[in-house]
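structure-v2.csv (CSV, C-alpha atoms) appears below.
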```csv
chain,number,residue,atom,x,y,z
A,818,MET,CA,77.4,-27.8,-61.0
A,819,ILE,CA,76.3,-24.2,-61.2
A,820,ARG,CA,73.7,-25.2,-63.8
A,821,GLY,CA,72.4,-27.8,-61.5
A,822,LEU,CA,72.2,-25.3,-58.6
A,823,VAL,CA,70.3,-22.9,-60.9
A,824,THR,CA,67.8,-25.6,-61.8
A,825,ILE,CA,67.2,-26.5,-58.2
A,826,VAL,CA,66.9,-22.8,-57.2
A,827,ARG,CA,64.4,-22.2,-60.0
A,828,ALA,CA,62.3,-25.2,-59.1
A,829,GLN,CA,62.3,-24.3,-55.4
A,830,TRP,CA,62.7,-20.6,-55.5
A,831,GLU,CA,60.6,-20.0,-52.4
A,832,HIS,CA,62.5,-22.5,-50.3
A,833,ALA,CA,65.8,-21.0,-51.6
A,834,LEU,CA,64.7,-17.5,-50.9
A,835,GLY,CA,63.5,-18.5,-47.4
A,836,CYS,CA,66.8,-20.1,-46.6
A,837,LEU,CA,68.7,-17.2,-48.0
A,838,LEU,CA,66.7,-14.7,-45.9
A,839,ALA,CA,67.0,-16.7,-42.7
A,840,ALA,CA,70.7,-17.3,-43.2
A,841,SER,CA,71.3,-13.6,-43.9
A,842,GLY,CA,69.3,-12.8,-40.7
A,843,LEU,CA,71.4,-15.2,-38.7
A,844,VAL,CA,74.6,-13.8,-40.0
A,845,LEU,CA,73.4,-10.3,-39.2
A,846,MET,CA,72.5,-11.3,-35.7
A,847,LEU,CA,75.9,-12.9,-35.2
A,848,ILE,CA,77.6,-9.7,-36.4
A,849,GLY,CA,75.4,-7.7,-34.1
A,850,MET,CA,76.2,-9.9,-31.2
A,851,ARG,CA,79.9,-9.3,-31.8
A,852,GLN,CA,79.4,-5.5,-32.1
A,853,VAL,CA,77.3,-5.3,-29.0
A,854,ALA,CA,79.9,-7.2,-27.0
A,855,ASP,CA,82.6,-4.9,-28.2
A,856,ALA,CA,80.6,-1.7,-27.6
A,857,LYS,CA,81.6,0.3,-24.5
A,858,SER,CA,78.4,2.2,-23.7
A,859,LEU,CA,74.7,1.3,-23.5
A,860,VAL,CA,74.0,4.0,-26.1
A,861,ASP,CA,76.2,2.2,-28.7
A,862,GLN,CA,74.9,-1.2,-27.7
A,863,LEU,CA,71.3,-0.2,-28.3
A,864,SER,CA,72.2,1.2,-31.7
A,865,PHE,CA,73.8,-2.1,-32.7
A,866,LEU,CA,71.0,-4.1,-31.2
A,867,MET,CA,68.5,-2.2,-33.3
A,868,SER,CA,70.4,-2.2,-36.6
A,869,THR,CA,71.6,-5.8,-36.6
A,870,GLY,CA,69.7,-7.7,-33.9
A,871,VAL,CA,66.2,-6.6,-34.6
A,872,PHE,CA,66.7,-6.3,-38.3
A,873,GLY,CA,68.3,-9.8,-38.4
A,874,LEU,CA,65.5,-11.3,-36.4
A,875,GLY,CA,63.0,-9.7,-38.8
A,876,LEU,CA,64.8,-11.3,-41.8
A,877,VAL,CA,64.8,-14.7,-40.0
A,878,ALA,CA,61.0,-14.4,-39.4
A,879,VAL,CA,60.3,-13.4,-43.1
A,880,GLY,CA,62.6,-16.3,-44.3
A,881,VAL,CA,60.7,-18.8,-42.2
A,882,GLY,CA,57.4,-17.4,-43.5
A,883,VAL,CA,58.5,-17.6,-47.2
A,884,PHE,CA,59.7,-21.1,-46.6
A,885,LEU,CA,56.4,-22.2,-45.1
A,886,SER,CA,54.6,-20.4,-48.0
A,887,GLY,CA,56.7,-22.5,-50.4
A,888,ASP,CA,55.6,-25.7,-48.7
A,889,LEU,CA,51.9,-24.7,-49.0
A,890,HIS,CA,52.4,-23.8,-52.7
A,891,ASP,CA,53.9,-27.2,-53.3
A,892,GLU,CA,50.9,-28.8,-51.7
A,893,TRP,CA,48.5,-26.7,-53.8
A,894,ARG,CA,50.4,-27.6,-57.0
A,895,ARG,CA,50.1,-31.3,-56.1
A,896,LEU,CA,46.3,-30.9,-55.6
A,897,ASP,CA,46.1,-29.0,-58.9
A,898,ARG,CA,47.8,-31.8,-60.8
A,899,ILE,CA,45.4,-34.3,-59.3
A,900,GLU,CA,42.5,-32.1,-60.3
A,901,ALA,CA,43.9,-31.8,-63.8
A,902,ALA,CA,44.3,-35.5,-64.0
A,903,MET,CA,40.7,-36.0,-63.0
A,904,GLY,CA,39.7,-33.4,-65.6
A,905,ALA,CA,41.7,-35.2,-68.3
A,906,GLN,CA,40.0,-38.4,-67.5
A,907,ALA,CA,36.6,-36.8,-67.7
A,908,VAL,CA,37.4,-35.6,-71.2
A,909,GLN,CA,38.6,-39.1,-72.2
A,910,THR,CA,35.4,-40.9,-70.9
A,911,PRO,CA,32.6,-38.3,-71.1
A,912,ALA,CA,30.0,-41.0,-70.7
A,913,ASP,CA,31.3,-42.0,-67.3
A,914,PRO,CA,30.3,-39.9,-64.4
A,915,LEU,CA,33.2,-38.5,-62.3
A,916,ILE,CA,31.6,-40.1,-59.3
A,917,ALA,CA,32.7,-43.5,-60.7
A,918,GLN,CA,36.0,-44.1,-59.1
A,919,PRO,CA,38.8,-43.2,-61.6
A,920,PRO,CA,41.5,-45.8,-61.9
A,921,PRO,CA,43.9,-44.3,-59.5
A,922,SER,CA,46.9,-45.7,-61.4
A,923,GLU,CA,46.0,-43.6,-64.3
A,924,CYS,CA,45.7,-40.5,-62.1
A,925,HIS,CA,48.9,-41.5,-60.6
A,926,SER,CA,50.7,-41.6,-64.0
A,927,LEU,CA,49.2,-38.3,-65.0
A,928,THR,CA,50.4,-36.6,-61.9
A,929,GLY,CA,53.9,-37.9,-62.4
A,930,GLY,CA,53.6,-40.5,-59.6
A,931,GLN,CA,53.3,-37.8,-57.0
A,932,VAL,CA,50.2,-38.9,-55.1
A,933,ARG,CA,51.9,-39.9,-52.0
B,1441,MET,CA,54.4,-8.4,-68.0
B,1442,LEU,CA,51.8,-6.1,-66.4
B,1443,ARG,CA,52.1,-3.6,-69.2
B,1444,SER,CA,51.0,-6.2,-71.8
B,1445,MET,CA,47.9,-7.1,-69.7
B,1446,PRO,CA,44.6,-5.4,-70.2
B,1447,ARG,CA,43.7,-3.0,-67.3
B,1448,ALA,CA,40.7,-5.2,-66.3
B,1449,SER,CA,43.0,-8.2,-65.9
B,1450,VAL,CA,45.4,-6.2,-63.8
B,1451,GLY,CA,42.5,-5.1,-61.6
B,1452,ARG,CA,41.3,-8.7,-61.3
B,1453,LEU,CA,44.8,-9.9,-60.5
B,1454,VAL,CA,45.2,-7.3,-57.8
B,1455,PHE,CA,41.7,-8.2,-56.4
B,1456,ALA,CA,42.5,-11.9,-56.4
B,1457,GLU,CA,45.9,-11.4,-54.8
B,1458,LEU,CA,44.8,-8.7,-52.4
B,1459,ASP,CA,45.8,-10.8,-49.3
B,1460,ARG,CA,49.3,-11.3,-50.6
B,1461,LEU,CA,49.7,-7.7,-51.7
B,1462,THR,CA,48.6,-6.5,-48.3
B,1463,ALA,CA,50.9,-9.0,-46.6
B,1464,TRP,CA,53.9,-7.8,-48.5
B,1465,THR,CA,53.0,-4.2,-47.9
B,1466,LEU,CA,52.7,-4.9,-44.2
B,1467,ILE,CA,56.1,-6.7,-44.2
B,1468,GLY,CA,57.7,-3.9,-46.1
B,1469,THR,CA,56.2,-1.3,-43.8
B,1470,GLY,CA,57.4,-3.3,-40.8
B,1471,PHE,CA,61.0,-3.1,-42.1
B,1472,VAL,CA,60.6,0.6,-42.8
B,1473,CYS,CA,59.4,1.2,-39.2
B,1474,ILE,CA,62.5,-0.6,-37.9
B,1475,GLY,CA,64.7,1.4,-40.2
B,1476,ILE,CA,63.1,4.7,-39.1
B,1477,ALA,CA,63.5,3.8,-35.5
B,1478,ARG,CA,67.1,2.9,-36.1
B,1479,ALA,CA,67.8,6.3,-37.7
B,1480,GLN,CA,66.1,8.1,-34.8
B,1481,LEU,CA,67.8,6.0,-32.3
B,1482,ALA,CA,71.2,6.9,-33.8
B,1483,ALA,CA,70.4,10.6,-33.7
B,1484,VAL,CA,69.8,10.8,-29.9
B,1485,ARG,CA,72.5,10.5,-27.3
B,1486,PHE,CA,70.5,9.7,-24.2
B,1487,THR,CA,69.8,6.1,-23.3
B,1488,ILE,CA,66.3,6.9,-22.0
B,1489,ASP,CA,65.4,8.4,-25.4
B,1490,GLN,CA,66.9,5.5,-27.2
B,1491,ILE,CA,64.9,3.0,-25.2
B,1492,ALA,CA,61.7,4.8,-26.3
B,1493,TYR,CA,62.7,4.6,-30.0
B,1494,PHE,CA,63.9,1.0,-29.6
B,1495,THR,CA,60.5,0.0,-28.1
B,1496,SER,CA,58.5,1.8,-30.7
B,1497,GLY,CA,60.6,0.4,-33.6
B,1498,LEU,CA,60.6,-3.1,-32.2
B,1499,GLY,CA,56.9,-3.1,-31.3
B,1500,ALA,CA,55.5,-1.5,-34.4
B,1501,GLY,CA,57.9,-3.1,-36.8
B,1502,PHE,CA,57.5,-6.6,-35.6
B,1503,PHE,CA,53.8,-6.4,-35.1
B,1504,LEU,CA,53.4,-5.4,-38.8
B,1505,LEU,CA,55.8,-8.2,-39.7
B,1506,ILE,CA,53.8,-10.8,-37.8
B,1507,LEU,CA,50.6,-9.6,-39.3
B,1508,GLY,CA,52.0,-9.6,-42.8
B,1509,LEU,CA,53.4,-13.1,-42.5
B,1510,ALA,CA,50.1,-14.4,-41.0
B,1511,LEU,CA,48.3,-12.9,-44.0
B,1512,LEU,CA,50.7,-14.4,-46.4
B,1513,ILE,CA,50.4,-17.9,-45.0
B,1514,SER,CA,46.6,-17.6,-44.5
B,1515,ALA,CA,46.3,-16.6,-48.2
B,1516,ASP,CA,48.1,-19.9,-49.2
B,1517,LEU,CA,45.8,-21.8,-46.8
B,1518,GLN,CA,42.8,-20.2,-48.3
B,1519,ASP,CA,43.9,-21.2,-51.8
B,1520,GLU,CA,44.5,-24.8,-50.7
B,1521,LYS,CA,41.1,-24.8,-49.0
B,1522,PHE,CA,39.3,-23.8,-52.2
B,1523,LYS,CA,41.3,-26.5,-54.1
B,1524,VAL,CA,40.4,-29.2,-51.6
B,1525,ASP,CA,36.8,-28.1,-51.7
B,1526,ARG,CA,36.7,-28.3,-55.5
B,1527,LEU,CA,38.3,-31.8,-55.4
B,1528,ARG,CA,35.7,-32.9,-52.9
B,1529,GLU,CA,33.0,-31.8,-55.3
B,1530,ARG,CA,34.7,-33.6,-58.2
B,1531,VAL,CA,35.3,-36.9,-56.4
B,1532,GLY,CA,31.7,-36.7,-55.3
B,1533,SER,CA,32.2,-37.0,-51.6
B,1534,GLY,CA,31.4,-33.3,-51.1
B,1535,LYS,CA,27.9,-33.2,-52.4
B,1536,GLY,CA,25.3,-31.3,-50.5
B,1537,SER,CA,26.1,-29.7,-47.2
B,1538,ALA,CA,29.5,-31.2,-47.0
B,1539,THR,CA,30.6,-29.5,-50.2
B,1540,SER,CA,31.3,-26.2,-48.4
B,1541,ALA,CA,32.7,-27.7,-45.2
B,1542,ALA,CA,36.1,-26.2,-46.0
B,1543,LEU,CA,34.7,-22.9,-46.9
B,1544,ARG,CA,32.5,-22.8,-43.8
B,1545,LEU,CA,35.7,-22.5,-41.7
B,1546,GLY,CA,36.0,-19.0,-42.9
B,1547,HIS,CA,39.2,-16.9,-42.9
B,1548,PRO,CA,41.6,-18.2,-40.2
B,1549,LEU,CA,42.4,-14.7,-39.0
B,1550,ARG,CA,38.9,-13.6,-38.7
B,1551,ASN,CA,38.1,-15.7,-35.6
B,1552,PRO,CA,37.3,-13.9,-32.3
B,1553,ALA,CA,40.2,-15.5,-30.4
B,1554,VAL,CA,42.7,-14.2,-32.9
B,1555,LEU,CA,41.1,-10.7,-32.8
B,1556,ILE,CA,41.2,-10.7,-29.0
B,1557,GLY,CA,44.8,-11.8,-29.1
B,1558,LEU,CA,45.8,-9.1,-31.6
B,1559,THR,CA,43.9,-6.4,-29.6
B,1560,GLY,CA,45.7,-7.5,-26.4
B,1561,ALA,CA,49.0,-7.4,-28.3
B,1562,VAL,CA,48.4,-3.9,-29.5
B,1563,ALA,CA,47.5,-2.9,-26.0
B,1564,LEU,CA,50.7,-4.4,-24.6
B,1565,VAL,CA,52.9,-2.8,-27.3
B,1566,THR,CA,51.3,0.6,-26.7
B,1567,LEU,CA,51.7,0.2,-22.9
B,1568,GLY,CA,55.4,-0.7,-23.5
B,1569,TRP,CA,55.9,2.3,-25.7
B,1570,TRP,CA,54.2,4.5,-23.1
B,1571,ARG,CA,56.3,3.1,-20.3
B,1572,ALA,CA,59.5,3.5,-22.3
B,1573,SER,CA,58.8,7.1,-23.3
B,1574,SER,CA,57.5,8.3,-19.9
B,1575,GLY,CA,59.9,6.5,-17.6
B,1576,ALA,CA,61.7,8.7,-15.1
B,1577,SER,CA,64.8,6.5,-15.1
B,1578,VAL,CA,66.5,4.0,-17.4
B,1579,ASP,CA,65.3,1.2,-15.1
B,1580,ASP,CA,61.8,2.4,-15.4
B,1581,ALA,CA,62.0,2.8,-19.1
B,1582,LEU,CA,63.5,-0.7,-19.6
B,1583,ALA,CA,60.1,-2.2,-18.6
B,1584,GLY,CA,58.8,-0.8,-22.0
B,1585,PRO,CA,60.7,-3.3,-24.2
B,1586,LEU,CA,59.5,-6.1,-22.0
B,1587,PHE,CA,55.9,-5.2,-22.4
B,1588,ALA,CA,56.3,-4.8,-26.1
B,1589,THR,CA,58.0,-8.2,-26.4
B,1590,ALA,CA,55.2,-9.7,-24.4
B,1591,GLY,CA,52.7,-8.2,-26.8
B,1592,LEU,CA,54.6,-9.5,-29.8
B,1593,LEU,CA,54.7,-13.0,-28.4
B,1594,LEU,CA,51.0,-12.8,-27.7
B,1595,SER,CA,50.3,-11.7,-31.3
B,1596,ALA,CA,52.6,-14.4,-32.7
B,1597,GLY,CA,51.0,-17.0,-30.5
B,1598,ALA,CA,47.4,-16.0,-31.5
B,1599,VAL,CA,48.0,-16.1,-35.2
B,1600,GLY,CA,50.3,-19.1,-35.0
B,1601,VAL,CA,47.7,-21.3,-33.2
B,1602,ALA,CA,44.9,-20.2,-35.6
B,1603,LEU,CA,47.0,-21.0,-38.7
B,1604,ARG,CA,48.2,-24.3,-37.3
B,1605,ARG,CA,44.7,-25.4,-36.5
B,1606,GLU,CA,43.6,-24.5,-40.0
B,1607,ARG,CA,46.5,-26.4,-41.6
B,1608,ARG,CA,45.9,-29.5,-39.5
B,1609,GLN,CA,42.2,-29.5,-40.5
B,1610,LEU,CA,43.1,-29.1,-44.1
B,1611,GLY,CA,45.6,-31.9,-43.8
B,1612,GLN,CA,42.9,-34.2,-42.5
B,1613,TRP,CA,40.6,-33.5,-45.4
B,1614,ARG,CA,43.4,-33.9,-47.8
B,1615,ARG,CA,44.3,-37.3,-46.4
B,1616,VAL,CA,40.7,-38.5,-46.6
B,1617,LEU,CA,40.4,-37.2,-50.1
B,1618,LEU,CA,43.6,-38.8,-51.4
B,1619,GLU,CA,43.4,-42.1,-49.5
B,1620,PRO,CA,42.3,-44.2,-52.5
B,1621,PHE,CA,45.2,-42.8,-54.6
B,1622,GLU,CA,47.7,-43.3,-51.8
B,1623,GLU,CA,46.7,-47.0,-51.4
B,1624,ASP,CA,47.1,-47.5,-55.1
B,1625,ASP,CA,50.3,-45.6,-55.1
B,1626,ARG,CA,51.9,-48.0,-52.6
B,1627,ALA,CA,50.8,-50.9,-54.7
B,1628,THR,CA,51.9,-49.7,-58.1
B,1629,THR,CA,54.9,-47.5,-57.5
B,1630,ALA,CA,57.2,-49.6,-59.5
B,1631,GLY,CA,54.8,-50.0,-62.4
B,1632,ALA,CA,54.1,-46.3,-62.4
B,1633,ILE,CA,57.7,-45.3,-62.5
B,1634,ALA,CA,58.2,-47.6,-65.5
B,1635,LYS,CA,55.2,-46.0,-67.2
B,1636,ASP,CA,56.3,-42.5,-66.5
B,1637,HIS,CA,59.8,-43.1,-67.8
B,1638,PRO,CA,59.5,-45.5,-70.7
B,1639,ASP,CA,63.2,-45.1,-71.4
B,1640,GLY,CA,64.0,-46.3,-67.9
B,1641,GLU,CA,66.6,-45.1,-65.5
B,1642,TRP,CA,70.2,-44.5,-66.5
B,1643,THR,CA,73.5,-44.2,-64.6
B,1644,LEU,CA,77.2,-43.6,-65.2
B,1645,PRO,CA,79.7,-46.4,-64.6
B,1646,GLY,CA,80.8,-46.2,-61.0
B,1647,ALA,CA,78.3,-43.5,-60.1
B,1648,ARG,CA,75.8,-43.8,-57.3
B,1649,ARG,CA,72.9,-41.8,-58.8
B,1650,SER,CA,70.2,-42.7,-61.3
B,1651,HIS,CA,69.2,-40.3,-64.1
B,1652,ARG,CA,66.5,-39.9,-66.7
B,1653,ARG,CA,67.8,-40.2,-70.2
B,1654,ALA,CA,67.6,-36.4,-70.9
B,1655,CYS,CA,69.4,-35.4,-67.7
B,1656,GLN,CA,72.1,-32.8,-68.1
B,1657,ALA,CA,74.4,-34.9,-66.0
B,1658,LEU,CA,74.5,-37.4,-68.8
B,1659,ALA,CA,75.1,-34.8,-71.5
B,1660,PHE,CA,78.9,-34.4,-70.9
B,1661,PRO,CA,80.9,-35.2,-74.0
B,1662,ASP,CA,82.9,-38.0,-72.2
B,1663,ALA,CA,79.9,-39.4,-70.4
B,1664,GLN,CA,79.0,-43.0,-71.2
B,1665,PRO,CA,75.6,-43.6,-69.7
B,1666,VAL,CA,74.3,-47.1,-69.3
B,1667,PRO,CA,70.7,-48.2,-68.6
B,1668,LEU,CA,69.9,-49.6,-65.2
B,1669,PRO,CA,68.8,-53.2,-65.7
B,1670,PRO,CA,65.3,-54.1,-64.4
B,1671,GLY,CA,65.5,-55.5,-60.9
B,1672,ALA,CA,68.8,-53.8,-60.2
B,1673,GLU,CA,69.3,-52.3,-56.8
B,1674,PRO,CA,67.8,-48.8,-56.9
B,1675,LEU,CA,70.3,-45.9,-56.9
B,1676,GLU,CA,69.9,-42.5,-55.3
B,1677,PRO,CA,67.8,-40.3,-57.6
B,1678,CYS,CA,69.7,-37.4,-59.3
B,1679,LEU,CA,69.0,-34.0,-57.9
B,1680,LEU,CA,68.8,-32.4,-61.3
B,1681,CYS,CA,66.4,-34.6,-63.2
B,1682,HIS,CA,64.4,-35.8,-60.3
B,1683,THR,CA,64.0,-32.3,-58.8
B,1684,GLU,CA,60.2,-32.3,-59.4
B,1685,ASP,CA,59.8,-35.6,-57.7
B,1686,MET,CA,61.6,-34.3,-54.7
B,1687,THR,CA,59.6,-31.1,-54.4
B,1688,ASP,CA,56.5,-33.2,-54.2
B,1689,GLU,CA,57.6,-35.7,-51.7
```
Written as structure tokens, that's how I'd like the structure from this file.
Amino acid sequence: MIRGLVTIVRAQWEHALGCLLAASGLVLMLIGMRQVADAKSLVDQLSFLMSTGVFGLGLVAVGVGVFLSGDLHDEWRRLDRIEAAMGAQAVQTPADPLIAQPPPSECHSLTGGQVR
Amino acid sequence: MLRSMPRASVGRLVFAELDRLTAWTLIGTGFVCIGIARAQLAAVRFTIDQIAYFTSGLGAGFFLLILGLALLISADLQDEKFKVDRLRERVGSGKGSATSAALRLGHPLRNPAVLIGLTGAVALVTLGWWRASSGASVDDALAGPLFATAGLLLSAGAVGVALRRERRQLGQWRRVLLEPFEEDDRATTAGAIAKDHPDGEWTLPGARRSHRRACQALAFPDAQPVPLPPGAEPLEPCLLCHTEDMTDE
């Protein structure tokens, strides 16, 4: 179970980090909300708002950014695999120009069936 | 890792990743600004002073965060743009003037609309800080955070729209580029899976997931994996051994 979780986190570390940051930010904001509600004066409320609310919101923003960045990295890796597959095919058939349409099924298998 | 690299390589790496390095520096600085404002805010006991620190911390900190995140995402988009352009060249559809179509778009954050938006945002945040620090009463000063928030929303909107437009454009090019592969993919999915996994898919008696033969889930001492017969109803793919498939979906 833990081993599986580690594997998933390793494979998707950017998504995992993004979720972790966003979740931490949300928890911080909830704690801040509670503290602000319990505070008696505006002075204390502003302190809590700054330390938990603003900081938590910042964490959520960074978490979302890292998550999106992970998505873009995934897309880049997919394109990279397709490029590598095309390169491999060019090495196998040096006489054929690349412009000639490569058999997509072969590219497909080289990219692990990920062209979707 | 850096220690074992020659100095020239480190320099090249820094140059190549300058956008990301700057992005993380801006994000870190943003959090430092918020932290400093928090410390100063805790040190004063008058609400009106606190509002000034709150506005400056919120405005400066979040503005830097937004800039950093925009740079981070635009760096990823730039990488993808180069990759798409190289693929277009390879496939042959990008010869001549079309080759650099992706590159002609330029940096998403260097377009005039974004720069105007960011300048307006800086002006609003500064105005907010000025209102908060020079307000005669708490009610006056409270307009400060409002101006700052408006500025932050403006900056987030400006970079958000630019990045979204860029991503949509890239998505269109990618779709055009990959269309032949996608069509084939639909037609040959079953065959390709069989080709990729010559040992076929396995499962455990009574389980509802399918695994590759080398999956850790099948490696328990008491596990008795059985191969899935061809034509059997497909099972849910295992999260461990099909992780890579899932990341690319």
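Distance annotation: of A:Ala905, A:Met850, A:Leu834, A:Ala878, the residue with the minimal separation from chain B is A:Ala878; atom set is only C-alpha atoms.
With all atoms listed in the file as the atoms that count, the residue of A:Ala854, A:Leu863, A:Leu838, A:Val844 with the shortest distance to chain B is A:Leu863.
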**Request:** Find the distance between atom CA of Ser1573 of chain B and atom CA of Phe1494 of chain B and write it in Å to one decimal.
**Result:** 10.1 Å
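Of the residues under consideration (A:Ala901, A:Met867, A:Leu876, A:Leu847), A:Met867 shows the shortest atom-to-atom contact distance to chain B when counting all atoms listed in the file.
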**Prompt:** For the point (69.5, -5.0, -31.3) in file coordinates, what residues are within 12 Å, counting all atoms listed in the file? Give the answer as a ChimeraX atom specification?
**Reply:** /A:845-854,859-875 /B:1474-1475,1477-1478,1481,1490-1491,1493-1495,1497-1498,1585
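Counting from atom CA of Ser841 of chain A, the distance to atom CA of Ala1500 of chain B is 22.1 Å.
Atom CA of Leu1453 of chain B to atom CA of Leu1509 of chain B spans 20.2 Å [interatomic distance, one decimal].
You can rank B:Leu1610, B:Val1450, B:Ala1647, B:Val1554 by their closest distance to chain A using all atoms listed in the file, and at the top of that list sits B:Leu1610.
Checking A:Lys857, A:Gly821, A:Glu831, A:Gly842 one by one against chain B, counting only C-alpha atoms, you find the shortest gap at A:Gly821.
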**Message:** Applying 12 Å and all atoms listed in the file, which residues near Gln1664 of chain B remain after dropping the ones on its own chain fewer than 6 positions away? List them as a PyMOL selection string.
**Reply:** chain B and resi 1642-1647+1653+1657-1658
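Nearest-residue note for Ala1590 of chain B: choosing from B:Val1484, B:Leu1618, B:Leu1668, B:Val1565, the minimum distance belongs to B:Val1565, counting all atoms listed in the file.
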**Request:** Up to 12 Å from (59.5, -15.3, -43.4) in the file's coordinates: name the residues, counting all atoms listed in the file, as a ChimeraX atom specification.
**Result:** /A:831-842,873-887 /B:1463-1464,1467-1468,1502,1505-1513
